[in-house]
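Listing of model-v2.cif; format and content: mmCIF, C-alpha atoms.
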data_coords
#
loop_
_atom_site.group_PDB
_atom_site.id
_atom_site.type_symbol
_atom_site.label_atom_id
_atom_site.label_comp_id
_atom_site.auth_asym_id
_atom_site.auth_seq_id
_atom_site.Cartn_x
_atom_site.Cartn_y
_atom_site.Cartn_z
ATOM 1 C CA MET Q 158 0.000 0.000 0.000
ATOM 2 C CA ALA Q 159 1.482 3.347 -1.048
ATOM 3 C CA LEU Q 160 1.669 6.229 1.356
ATOM 4 C CA ASN Q 161 -0.478 9.224 0.567
ATOM 5 C CA THR Q 162 1.893 12.158 0.045
ATOM 6 C CA ASN Q 163 -0.889 14.709 -0.312
ATOM 7 C CA LYS Q 164 0.420 18.066 0.973
ATOM 8 C CA ASN Q 165 -3.040 18.845 2.376
ATOM 9 C CA LEU Q 166 -2.292 16.365 5.142
ATOM 10 C CA LYS Q 167 0.529 18.548 6.463
ATOM 11 C CA GLN Q 168 -0.424 20.161 9.776
ATOM 12 C CA PHE Q 169 1.860 23.223 9.721
ATOM 13 C CA TYR Q 170 3.569 25.224 6.995
ATOM 14 C CA SER Q 171 6.528 27.563 7.445
ATOM 15 C CA ILE Q 172 6.352 31.237 6.548
ATOM 16 C CA HIS Q 173 8.779 30.455 3.720
ATOM 17 C CA GLU Q 174 6.436 27.841 2.232
ATOM 18 C CA VAL Q 175 3.432 30.172 2.441
ATOM 19 C CA ALA Q 176 5.371 33.077 0.921
ATOM 20 C CA GLN Q 177 6.441 30.859 -1.977
ATOM 21 C CA GLN Q 178 2.885 29.651 -2.515
ATOM 22 C CA PHE Q 179 1.656 33.228 -3.002
ATOM 23 C CA ASP Q 180 4.875 34.597 -4.542
ATOM 24 C CA VAL Q 181 5.211 37.298 -1.878
ATOM 25 C CA ALA Q 182 7.955 38.244 0.553
ATOM 26 C CA GLU Q 183 7.973 36.778 4.038
ATOM 27 C CA SER Q 184 8.070 40.338 5.380
ATOM 28 C CA LEU Q 185 4.733 41.016 3.662
ATOM 29 C CA LEU Q 186 3.132 38.098 5.514
ATOM 30 C CA ARG Q 187 4.497 39.442 8.810
ATOM 31 C CA TYR Q 188 3.116 42.897 7.921
ATOM 32 C CA TRP Q 189 -0.310 41.410 7.159
ATOM 33 C CA GLU Q 190 -0.311 39.825 10.612
ATOM 34 C CA HIS Q 191 -0.215 43.338 12.076
ATOM 35 C CA GLU Q 192 -2.808 44.773 9.701
ATOM 36 C CA PHE Q 193 -5.330 41.915 9.698
ATOM 37 C CA PRO Q 194 -6.247 40.560 13.146
ATOM 38 C CA GLN Q 195 -7.795 37.464 11.532
ATOM 39 C CA LEU Q 196 -4.321 36.247 10.540
ATOM 40 C CA ARG Q 197 -2.637 34.789 13.610
ATOM 41 C CA PRO Q 198 -0.321 31.873 12.825
ATOM 42 C CA HIS Q 199 0.909 29.777 15.726
ATOM 43 C CA LYS Q 200 4.342 30.800 16.972
ATOM 44 C CA ALA Q 201 6.620 28.014 18.133
ATOM 45 C CA GLY Q 202 9.928 28.408 19.936
ATOM 46 C CA ARG Q 203 11.964 31.461 18.937
ATOM 47 C CA ASN Q 204 8.797 32.955 17.343
ATOM 48 C CA VAL Q 205 8.912 30.581 14.364
ATOM 49 C CA ARG Q 206 5.586 30.994 12.604
ATOM 50 C CA GLN Q 207 3.593 27.874 11.805
ATOM 51 C CA TYR Q 208 0.686 28.348 9.418
ATOM 52 C CA THR Q 209 -2.273 25.961 9.408
ATOM 53 C CA GLN Q 210 -4.490 25.381 6.377
ATOM 54 C CA GLU Q 211 -6.989 27.820 7.928
ATOM 55 C CA ASP Q 212 -4.262 30.486 8.120
ATOM 56 C CA ILE Q 213 -3.408 29.866 4.477
ATOM 57 C CA ASP Q 214 -7.081 30.284 3.545
ATOM 58 C CA ILE Q 215 -7.052 33.665 5.326
ATOM 59 C CA VAL Q 216 -3.855 34.643 3.469
ATOM 60 C CA ARG Q 217 -5.590 33.671 0.224
ATOM 61 C CA ILE Q 218 -8.488 36.039 1.016
ATOM 62 C CA ILE Q 219 -6.149 38.877 2.018
ATOM 63 C CA TYR Q 220 -4.060 38.323 -1.100
ATOM 64 C CA SER Q 221 -7.166 38.433 -3.249
ATOM 65 C CA LEU Q 222 -8.374 41.664 -1.644
ATOM 66 C CA VAL Q 223 -5.011 43.436 -1.677
ATOM 67 C CA LYS Q 224 -3.258 42.188 -4.802
ATOM 68 C CA LYS Q 225 -6.069 41.667 -7.316
#
Representation of the structure as structure tokens:
Amino acid sequence: MALNTNKNLKQFYSIHEVAQQFDVAESLLRYWEHEFPQLRPHKAGRNVRQYTQEDIDIVRIIYSLVKK
């Protein structure tokens, strides 16, 4: 039986992965955290941001509103 390598099964995404997905700078994602209270990724040790799929959905909405 093959393992399912579907990326949707991943629990957390790094800020780098999210920035690449939307082709934006990591600094822009950090700025959006300050401007949009809905966007609050989990912060692990040393303030490393961990984005859930829900956070990415919020980024998608913000991106759509701001960039399109």
Exercise for the section: Do a neighbour search on Q:His199 at 7 Å with only C-alpha atoms, toss out local chain neighbours closer than 5 positions, and write the hits as a list in words. Expected result: Arg206, Gln207 and Tyr208 of chain Q
Problem - Shell around Q:Arg187 at 10 Å using all atoms listed in the file, local window under 3 positions removed, as a list in words - result: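 Here the qualifying residues turn out to be Ile172, Ala182, Glu183, Ser184, Glu190, His191, Glu192, Leu196, Arg197, Pro198 and Arg206 of chain Q.
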Practice task
Could you please determine the separation between atom CA of Q:Val223 and atom CA of Q:Val175 in Å, to one decimal place?
Solution key: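 These atoms are spaced 16.3 Å apart.
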Exercise for the section: Enter the distance from atom CA of Q:Leu186 to atom CA of Q:Gln168, in Å, rounded to one decimal. Expected result: 18.8 Å
Return the padded bounding box of stretch 192-204 of chain Q as JSON: axis-aligned, built from all atoms listed in the file, 8 Å added on each side, with centre and edge lengths in Å to one decimal.
{"center_x": 2.1, "center_y": 36.4, "center_z": 14.8, "size_x": 35.8, "size_y": 32.8, "size_z": 26.2}
Practice task
One decimal, Å: what's the distance from atom CA of Q:Gln195 over to atom CA of Q:Leu166, could you say?
Solution key: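 It comes out at 22.7 Å.
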Handout entry: Q:Phe193, Q:Thr209, Q:Asn204, Q:Tyr170 ranked by distance to Q:Leu222, top pick (using only C-alpha atoms)
Key =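 Looking only at the distances to Q:Leu222, the closest residue turns out to be Q:Phe193.
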Handout entry: Among listed residues Q:Ala201, Q:Pro194, Q:Gln178, Q:Leu185, nearest Q:Arg217 (using all atoms listed in the file)
Key =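 For Q:Arg217, the nearest of the given residues is Q:Gln178.
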Problem - Nearest to Q:Ser221, chosen from Q:Lys200, Q:Tyr188, Q:His173, Q:Phe179, with all atoms listed in the file counted in the distances - result: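 Distance minimum relative to Q:Ser221 lands on Q:Phe179.
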Exercise for the section: Name the closest residue to Q:Ser171 among the candidates Q:Gln210, Q:Val205, Q:Lys225, Q:Tyr220; distances are taken between atoms, counting all atoms listed in the file. Expected result: Q:Val205
With the input short on atoms, add N, CA and C atoms back to stretch 199-220 of chain Q and write it as an mmCIF file, keeping the file's coordinate frame.
data_model
loop_
_atom_site.group_PDB
_atom_site.id
_atom_site.type_symbol
_atom_site.label_atom_id
_atom_site.label_comp_id
_atom_site.auth_asym_id
_atom_site.auth_seq_id
_atom_site.Cartn_x
_atom_site.Cartn_y
_atom_site.Cartn_z
ATOM 1 N N HIS Q 199 0.329 30.253 14.471
ATOM 2 C CA HIS Q 199 0.909 29.777 15.726
ATOM 3 C C HIS Q 199 2.399 30.106 15.723
ATOM 4 N N LYS Q 200 2.911 30.524 16.865
ATOM 5 C CA LYS Q 200 4.342 30.800 16.972
ATOM 6 C C LYS Q 200 4.973 29.786 17.907
ATOM 7 N N ALA Q 201 5.903 29.032 17.353
ATOM 8 C CA ALA Q 201 6.620 28.014 18.133
ATOM 9 C C ALA Q 201 7.835 28.675 18.782
ATOM 10 N N GLY Q 202 8.725 27.885 19.308
ATOM 11 C CA GLY Q 202 9.928 28.408 19.936
ATOM 12 C C GLY Q 202 10.666 29.387 19.039
ATOM 13 N N ARG Q 203 11.235 30.401 19.657
ATOM 14 C CA ARG Q 203 11.964 31.461 18.937
ATOM 15 C C ARG Q 203 11.077 32.190 17.931
ATOM 16 N N ASN Q 204 9.769 32.248 18.188
ATOM 17 C CA ASN Q 204 8.797 32.955 17.343
ATOM 18 C C ASN Q 204 8.778 32.459 15.897
ATOM 19 N N VAL Q 205 9.013 31.174 15.697
ATOM 20 C CA VAL Q 205 8.912 30.581 14.364
ATOM 21 C C VAL Q 205 7.437 30.414 14.049
ATOM 22 N N ARG Q 206 6.995 31.045 12.971
ATOM 23 C CA ARG Q 206 5.586 30.994 12.604
ATOM 24 C C ARG Q 206 5.247 29.656 11.961
ATOM 25 N N GLN Q 207 4.095 29.123 12.365
ATOM 26 C CA GLN Q 207 3.593 27.874 11.805
ATOM 27 C C GLN Q 207 2.168 28.131 11.331
ATOM 28 N N TYR Q 208 1.981 28.073 10.022
ATOM 29 C CA TYR Q 208 0.686 28.348 9.418
ATOM 30 C C TYR Q 208 -0.103 27.063 9.245
ATOM 31 N N THR Q 209 -1.369 27.084 9.649
ATOM 32 C CA THR Q 209 -2.273 25.961 9.408
ATOM 33 C C THR Q 209 -2.967 26.194 8.065
ATOM 34 N N GLN Q 210 -3.732 25.206 7.621
ATOM 35 C CA GLN Q 210 -4.490 25.381 6.377
ATOM 36 C C GLN Q 210 -5.492 26.521 6.517
ATOM 37 N N GLU Q 211 -6.065 26.700 7.699
ATOM 38 C CA GLU Q 211 -6.989 27.820 7.928
ATOM 39 C C GLU Q 211 -6.275 29.159 7.772
ATOM 40 N N ASP Q 212 -5.049 29.263 8.286
ATOM 41 C CA ASP Q 212 -4.262 30.486 8.120
ATOM 42 C C ASP Q 212 -3.993 30.758 6.643
ATOM 43 N N ILE Q 213 -3.680 29.712 5.907
ATOM 44 C CA ILE Q 213 -3.408 29.866 4.477
ATOM 45 C C ILE Q 213 -4.665 30.320 3.740
ATOM 46 N N ASP Q 214 -5.825 29.828 4.145
ATOM 47 C CA ASP Q 214 -7.081 30.284 3.545
ATOM 48 C C ASP Q 214 -7.293 31.773 3.807
ATOM 49 N N ILE Q 215 -6.935 32.235 5.002
ATOM 50 C CA ILE Q 215 -7.052 33.665 5.326
ATOM 51 C C ILE Q 215 -6.065 34.470 4.484
ATOM 52 N N VAL Q 216 -4.843 33.967 4.324
ATOM 53 C CA VAL Q 216 -3.855 34.643 3.469
ATOM 54 C C VAL Q 216 -4.384 34.736 2.046
ATOM 55 N N ARG Q 217 -5.027 33.675 1.582
ATOM 56 C CA ARG Q 217 -5.590 33.671 0.224
ATOM 57 C C ARG Q 217 -6.632 34.787 0.062
ATOM 58 N N ILE Q 218 -7.465 34.982 1.063
ATOM 59 C CA ILE Q 218 -8.488 36.039 1.016
ATOM 60 C C ILE Q 218 -7.821 37.415 1.036
ATOM 61 N N ILE Q 219 -6.865 37.594 1.934
ATOM 62 C CA ILE Q 219 -6.149 38.877 2.018
ATOM 63 C C ILE Q 219 -5.440 39.161 0.708
ATOM 64 N N TYR Q 220 -4.760 38.167 0.172
ATOM 65 C CA TYR Q 220 -4.060 38.323 -1.100
ATOM 66 C C TYR Q 220 -5.023 38.753 -2.198
#
